[in-house]
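Notes follow the structure.
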Amino acid sequence: MRPNFENTAIAFELKSDSQLERAYFLFKMISKEPLVRIGTAVTNFAIKAHLPVEGLIRATVFDHFCGGVSEKDCLPIIDNMYGNGVYSILDYSAEGKDADNQFDFALEKTLEILDFVKEKDAMPFAVFKPTGFGRFKLFEKVTSGADLNDKEQAEWGRIVNRFDKVCQKAHKLDVALLIDAEESWMQDAADDLVLDMMRKYNKEKAVVFNTFQMYRWDRMDYIKHLHKLAIDEGFKIGAKVVRGAYMEKENERAEDKGYESPICKNKSHTDENFNASLDFMMEHLEHFIIFSGTHNEQSSFRLIDLMEKYGLATNDQRVWFGQLFGMSDHITYNLAAEGYNAVKYVPYGPVRDVMPYLIRRAEENTSVAGQTSRELALITKERKRRKLTD
């Protein structure tokens, strides 16, 4: 049966009245772009000036969009969601690091999470960002095709080793590993690295997953190219498809540097691109495992219809639906209620280290037309159902 995304009783069942009121307040704030800009500037200043704002951040935006400051901190949330049929992906979301010891720390965190995932049925995936394991500027230089000096070659070798170490362990434990996508001007280097890992560790099944940002007009061609390689070379493709997270930055850089933007001309083209990726991968499901990371209801319904078309059970392990913690609960929980593989990305980490992630979430919600208003409408509906309104 098709899930009912209007069912707010299911969507917000795990939220207490006070948590629902906090969500209402936060999305009201996020809906006002000037407030987001001011709040972002003030928060950045407060963090850099080491002002005592962590308690306020923790009690509001952090606790809504993040699971906690540590893996242990996240366990009650993971267990609660699993009780309602929703899986979790723990995402250590500290960003902007640029030293080897920090990259090694991120590697150790990811290796620990792989052990954690192996032990917990509630967690089917682990995840990391390429720039969690190496400097953005080096990924950018490798993508550009520029020659690396001896020091940079050694540094790149350490990045490759970190990738290989974590993918090897994922393969050994038989745990699926998602690798996030980032800005286009560093992504080719990451794509090539992930492809090497797929060739090595995805022979029998998809263990290593790459992420495809479908607001890029070239990604369908890349997926088809990858599919041909998979057939020719005998490996499986782990494919996480998302719309994308860096649109404004991508367009601004392309304009500043005078090259064609890699981003689709408009939202409808992005939607068509995203849906085309689902169509193609479902048609060739013998070579793919699909992780559809979207807050778009129509794309979710499209994948549901494709599963029905090809005769798949709702819980077929080759198809997963994912949303971010703190967003689109009406999609996640109603999918889970109908037996689909529904997953929440649960960011965590020290409050100060996770702030860049939280700021990006607020800015994305402000820039995506309809996202915040939809969240607000559903929260308002549930407040009325619970008789919380004045």
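All residue names refer to the structure tokens as shown: chains lettered A, B, ... in order, residues numbered from 1 in each chain, ligands numbered from 1 in order.
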
Contacts between region 110-131 of chain A and region 162-223 of chain A, please, where a residue of region 162-223 of chain A counts if it comes within 6 Å (with only C-alpha atoms); show its shortest atom pair and distance in Å to one decimal, rows by chain and ascending number, as a tab-separated table.
residue	atom	partner	partner_atom	distance
A:Ala176	CA	A:Phe125	CA	5.0
A:Leu177	CA	A:Ala126	CA	4.9
A:Leu178	CA	A:Val127	CA	4.5
A:Ile179	CA	A:Phe128	CA	5.3
A:Asp180	CA	A:Lys129	CA	5.0

task: Within region 12-186 of chain A, find each residue whose DSSP state, derived from the backbone, is alpha helix (DSSP H), and express the selection as a PyMOL selection string.
output: chain A and resi 17-30+33-48+54-57+63-65+71-83+100-119+136-144+150-173+184-186

For C-alpha atoms, I'd like the residues from the last selection saved as a CSV table (one decimal), in the first residue's frame.
chain,number,residue,atom,x,y,z
A,17,ASP,CA,4.7,18.1,22.8
A,18,SER,CA,7.7,20.2,23.7
A,19,GLN,CA,9.8,18.8,20.9
A,20,LEU,CA,7.0,19.5,18.4
A,21,GLU,CA,6.8,23.1,19.7
A,22,ARG,CA,10.6,23.4,19.3
A,23,ALA,CA,10.4,22.1,15.7
A,24,TYR,CA,7.6,24.7,15.0
A,25,PHE,CA,9.7,27.5,16.4
A,26,LEU,CA,12.8,26.4,14.5
A,27,PHE,CA,11.1,26.1,11.1
A,28,LYS,CA,9.3,29.4,11.6
A,29,MET,CA,12.8,31.0,12.1
A,30,ILE,CA,14.3,29.2,9.1
A,33,GLU,CA,15.8,34.4,5.1
A,34,PRO,CA,17.0,37.6,6.8
A,35,LEU,CA,16.8,35.8,10.2
A,36,VAL,CA,18.9,32.9,8.9
A,37,ARG,CA,21.6,35.2,7.6
A,38,ILE,CA,21.7,37.2,10.8
A,39,GLY,CA,21.6,34.1,13.0
A,40,THR,CA,24.4,32.5,10.9
A,41,ALA,CA,26.6,35.5,11.2
A,42,VAL,CA,26.0,35.9,15.0
A,43,THR,CA,26.6,32.1,15.6
A,44,ASN,CA,29.8,32.1,13.6
A,45,PHE,CA,31.0,35.1,15.6
A,46,ALA,CA,30.1,33.6,18.9
A,47,ILE,CA,31.8,30.3,18.1
A,48,LYS,CA,35.0,32.0,16.9
A,54,GLU,CA,26.9,25.9,23.2
A,55,GLY,CA,24.1,25.4,25.8
A,56,LEU,CA,21.7,27.5,23.8
A,57,ILE,CA,22.7,25.9,20.5
A,63,ASP,CA,19.1,18.7,19.4
A,64,HIS,CA,16.6,19.0,16.6
A,65,PHE,CA,19.0,18.2,13.7
A,71,GLU,CA,27.8,7.6,19.6
A,72,LYS,CA,26.5,6.7,23.1
A,73,ASP,CA,24.6,9.9,23.2
A,74,CYS,CA,22.7,8.8,20.0
A,75,LEU,CA,21.7,5.3,21.2
A,76,PRO,CA,18.3,6.2,22.7
A,77,ILE,CA,17.3,8.0,19.5
A,78,ILE,CA,18.5,5.1,17.4
A,79,ASP,CA,16.6,2.6,19.5
A,80,ASN,CA,13.4,4.7,19.6
A,81,MET,CA,13.4,5.1,15.8
A,82,TYR,CA,14.1,1.4,15.2
A,83,GLY,CA,11.1,0.6,17.4
A,100,ASP,CA,46.7,14.7,9.1
A,101,ASN,CA,46.0,14.0,12.7
A,102,GLN,CA,42.4,15.2,12.2
A,103,PHE,CA,42.0,13.0,9.2
A,104,ASP,CA,43.3,10.0,11.1
A,105,PHE,CA,40.9,10.7,13.9
A,106,ALA,CA,38.0,10.8,11.3
A,107,LEU,CA,39.2,7.4,10.0
A,108,GLU,CA,39.3,5.9,13.4
A,109,LYS,CA,35.8,7.2,14.1
A,110,THR,CA,34.5,5.6,10.9
A,111,LEU,CA,36.3,2.3,11.7
A,112,GLU,CA,34.6,2.3,15.2
A,113,ILE,CA,31.2,3.0,13.6
A,114,LEU,CA,31.7,0.0,11.3
A,115,ASP,CA,32.0,-2.2,14.4
A,116,PHE,CA,29.0,-0.5,15.9
A,117,VAL,CA,27.0,-1.0,12.7
A,118,LYS,CA,27.9,-4.7,12.6
A,119,GLU,CA,26.5,-5.2,16.1
A,136,PHE,CA,39.8,19.7,0.1
A,137,LYS,CA,42.6,21.6,-1.8
A,138,LEU,CA,44.4,18.4,-2.6
A,139,PHE,CA,41.2,16.7,-3.9
A,140,GLU,CA,40.8,19.9,-6.0
A,141,LYS,CA,44.3,19.8,-7.4
A,142,VAL,CA,44.0,16.1,-8.3
A,143,THR,CA,40.6,16.8,-10.0
A,144,SER,CA,42.2,19.6,-12.0
A,150,ASP,CA,56.6,14.9,-3.8
A,151,LYS,CA,55.0,16.1,-0.6
A,152,GLU,CA,51.6,16.2,-2.1
A,153,GLN,CA,52.0,12.7,-3.7
A,154,ALA,CA,52.8,11.3,-0.3
A,155,GLU,CA,49.8,13.1,1.2
A,156,TRP,CA,47.6,11.7,-1.6
A,157,GLY,CA,48.9,8.3,-0.9
A,158,ARG,CA,47.8,8.6,2.8
A,159,ILE,CA,44.3,9.6,1.6
A,160,VAL,CA,44.1,6.6,-0.7
A,161,ASN,CA,45.3,4.4,2.2
A,162,ARG,CA,42.5,5.8,4.5
A,163,PHE,CA,39.9,5.0,1.9
A,164,ASP,CA,41.2,1.5,1.3
A,165,LYS,CA,41.5,0.8,5.1
A,166,VAL,CA,37.9,1.7,5.8
A,167,CYS,CA,36.5,0.0,2.6
A,168,GLN,CA,38.5,-3.1,3.3
A,169,LYS,CA,37.0,-3.3,6.8
A,170,ALA,CA,33.5,-2.7,5.5
A,171,HIS,CA,34.0,-5.6,3.1
A,172,LYS,CA,35.4,-7.8,5.8
A,173,LEU,CA,32.4,-7.1,8.1
A,184,SER,CA,32.1,19.5,-8.3
A,185,TRP,CA,35.6,21.0,-8.5
A,186,MET,CA,37.0,18.3,-6.2

message: Residues of region 157-204 of chain A classed as strand (DSSP E or B) by DSSP on the backbone are to be reported as an MDAnalysis selection string.
response: chainID A and resid 176:179

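The two atoms in question, CA of Cys66 (chain A) and CA of Met247 (chain A), are spaced 22.9 Å apart.
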
- prompt: Of the candidates A:Met355, A:Ala337, A:Met220, A:Ala239, which one gets nearest to Leu195 (chain A) if we count only C-alpha atoms?
  reply: A:Ala239

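Around Glu13 (chain A), within 9 Å and counting only C-alpha atoms, the residues found are Thr8, Ala9, Asn84 and Tyr333 of chain A, once anything fewer than 4 positions away on its own chain is removed.
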
query: Using only C-alpha atoms, which residue out of A:Phe301, A:Phe280, A:Phe12, A:Tyr222 lies closest to His330 (chain A)?
result: A:Phe12
